[in-house]
Amino acid sequence: MIDSTDMSKCARIFFELEEYLNGEKCKFLEWMKIVYDLHDTTEMFPAEMANNICNKFREIRHKYGSKIALDLYNTQAAVLPAEMIHAAEYLHHNGKIENVRELCDLGYFMECEQYGYDTKIKIVEYVNDGGSVDDLFHHIKLILQDEKEKEFDSAMGTQQM
């Protein structure tokens, strides 16, 4: 059961975050609803989840700048802390904010940690060029296969010398 103390902590945390980021006014109320909706699946109290989200936004702002943090805050395209940092990285690599929610829904940001820099850049280019997000994992498989073949060819070329 969520008590009123937790509710007031959650509101304060998100209100302070909104001011820190100079976010859209009263967006903190929508963030509160998100963490309350996530309470059942995460089993975290809303104030605890709000604190985790706030810390992630501070990290994003420090690492990727105010604009990316503000875009993610205002759009609420990525709401889980584990996804948020990867979504920020995606935006930093010139990804488009309008694709972030769909990529979250697909589960891309939960898996993208395993991909290298070059792969992530190719993924951003693919999506920006109109590539189907539904076919993204198939496309990633092709990218990784191509990279392995290049590594193999490079290794074989070094051995022949």
# chains A, B, ... in the order shown; residues from 1 in each chain; ligands from 1
>>> residues_around(residues="segment 2-7 of chain A", least_positions_apart="6", cutoff="9 Å", atoms="only C-alpha atoms", output="PyMOL selection string")
chain A and resi 32+36+45-48
>>> write_last_selection(atoms="N, CA and C atoms", output="JSON list (two decimals), in the first residue's frame")
[["chain", "number", "residue", "atom", "x", "y", "z"],
["A", 32, "MET", "N", 4.64, 11.37, -12.05],
["A", 32, "MET", "CA", 4.11, 10.70, -10.85],
["A", 32, "MET", "C", 3.17, 9.56, -11.25],
["A", 36, "TYR", "N", 3.58, 5.52, -10.38],
["A", 36, "TYR", "CA", 2.51, 4.80, -9.68],
["A", 36, "TYR", "C", 2.02, 3.64, -10.51],
["A", 45, "PHE", "N", 8.56, 1.40, -4.34],
["A", 45, "PHE", "CA", 7.69, 2.49, -3.96],
["A", 45, "PHE", "C", 7.90, 3.65, -4.92],
["A", 46, "PRO", "N", 6.86, 4.38, -5.24],
["A", 46, "PRO", "CA", 6.98, 5.48, -6.20],
["A", 46, "PRO", "C", 8.08, 6.49, -5.88],
["A", 47, "ALA", "N", 8.25, 6.84, -4.63],
["A", 47, "ALA", "CA", 9.31, 7.81, -4.28],
["A", 47, "ALA", "C", 10.69, 7.23, -4.59],
["A", 48, "GLU", "N", 10.87, 5.94, -4.35],
["A", 48, "GLU", "CA", 12.15, 5.29, -4.65],
["A", 48, "GLU", "C", 12.39, 5.27, -6.16]]
>>> select_by_dssp(residues="segment 28-137 of chain A", states="alpha helix (DSSP H)", output="VMD selection string")
chain A and resid 28 to 42 46 to 64 66 to 75 81 to 92 97 to 106 108 to 111 117 to 128 136 to 137
>>> atom_distance(atom1="atom CA of Lys141 of chain A", atom2="atom CA of Tyr108 of chain A")
12.8 Å
>>> residues_around(residues="Ile140 of chain A", least_positions_apart="4", cutoff="12 Å", atoms="only C-alpha atoms", output="NGL selection string")
:A and (108 or 111-112 or 114-116 or 118-127 or 131-136 or 144-147)
>>> write_last_selection(atoms="C-alpha atoms", output="compact mmCIF listing (two decimals), in the first residue's frame")
# COMPACT_ATOMS: atom_id res chain seq x y z
CA TYR A 108 15.90 -2.21 -28.05
CA GLU A 111 19.50 -4.94 -25.16
CA CYS A 112 21.65 -2.29 -26.82
CA GLN A 114 25.85 -5.37 -25.88
CA TYR A 115 26.42 -3.48 -29.14
CA GLY A 116 29.59 -1.62 -29.96
CA ASP A 118 29.92 1.32 -34.75
CA THR A 119 26.89 -0.95 -34.52
CA LYS A 120 24.93 1.69 -32.60
CA ILE A 121 25.78 4.31 -35.20
CA LYS A 122 24.59 2.00 -38.00
CA ILE A 123 21.36 1.38 -36.09
CA VAL A 124 20.72 5.12 -35.73
CA GLU A 125 21.39 5.60 -39.44
CA TYR A 126 19.06 2.73 -40.31
CA VAL A 127 16.19 4.12 -38.23
CA GLY A 131 14.21 1.64 -41.68
CA SER A 132 11.39 -0.32 -40.13
CA VAL A 133 11.63 -0.52 -36.37
CA ASP A 134 9.71 -3.80 -36.57
CA ASP A 135 12.59 -5.27 -38.59
CA LEU A 136 15.27 -3.70 -36.40
CA LEU A 144 26.69 -7.96 -36.61
CA GLN A 145 27.16 -10.67 -39.23
CA ASP A 146 28.80 -8.14 -41.57
CA GLU A 147 31.11 -6.94 -38.76
>>> closest_residue(among="A:Val79, A:Leu103, A:Lys9, A:Leu17", to="Arg61 of chain A", atoms="only C-alpha atoms")
A:Leu17
>>> closest_residue(among="A:Ala11, A:Ala77, A:Leu29, A:Ala87", to="Asn51 of chain A", atoms="only C-alpha atoms")
A:Ala11
>>> residues_around(residues="Glu18 of chain A", least_positions_apart="4", cutoff="10 Å", atoms="only C-alpha atoms", output="list of chain:residue names")
A:Arg12, A:Ile13, A:Phe14, A:Asn22, A:Gly23, A:Glu24, A:Lys25, A:Cys26, A:Lys27, A:Phe28, A:Trp31, A:Cys54, A:Leu70, A:Tyr73, A:Asn74
>>> write_last_selection(atoms="C-alpha atoms", output="tab-separated table (two decimals), in the first residue's frame")
chain	number	residue	atom	x	y	z
A	12	ARG	CA	8.69	16.79	-4.38
A	13	ILE	CA	11.32	14.72	-6.21
A	14	PHE	CA	9.67	15.19	-9.60
A	22	ASN	CA	13.60	23.58	-16.73
A	23	GLY	CA	11.02	21.11	-17.97
A	24	GLU	CA	7.54	21.66	-19.25
A	25	LYS	CA	5.36	23.00	-16.42
A	26	CYS	CA	3.38	20.43	-14.43
A	27	LYS	CA	4.93	17.52	-16.36
A	28	PHE	CA	5.95	16.21	-12.94
A	31	TRP	CA	5.82	11.42	-14.16
A	54	CYS	CA	15.88	11.70	-11.06
A	70	LEU	CA	14.98	17.88	-21.38
A	73	TYR	CA	11.80	14.48	-19.64
A	74	ASN	CA	9.20	16.38	-21.67
>>> closest_residue(among="A:Asp129, A:Glu43, A:Glu151, A:Glu83", to="Asp105 of chain A", atoms="only C-alpha atoms")
A:Glu83
>>> closest_residue(among="A:His92, A:Met49, A:Phe137, A:Asp37", to="Lys63 of chain A", atoms="only C-alpha atoms")
A:His92
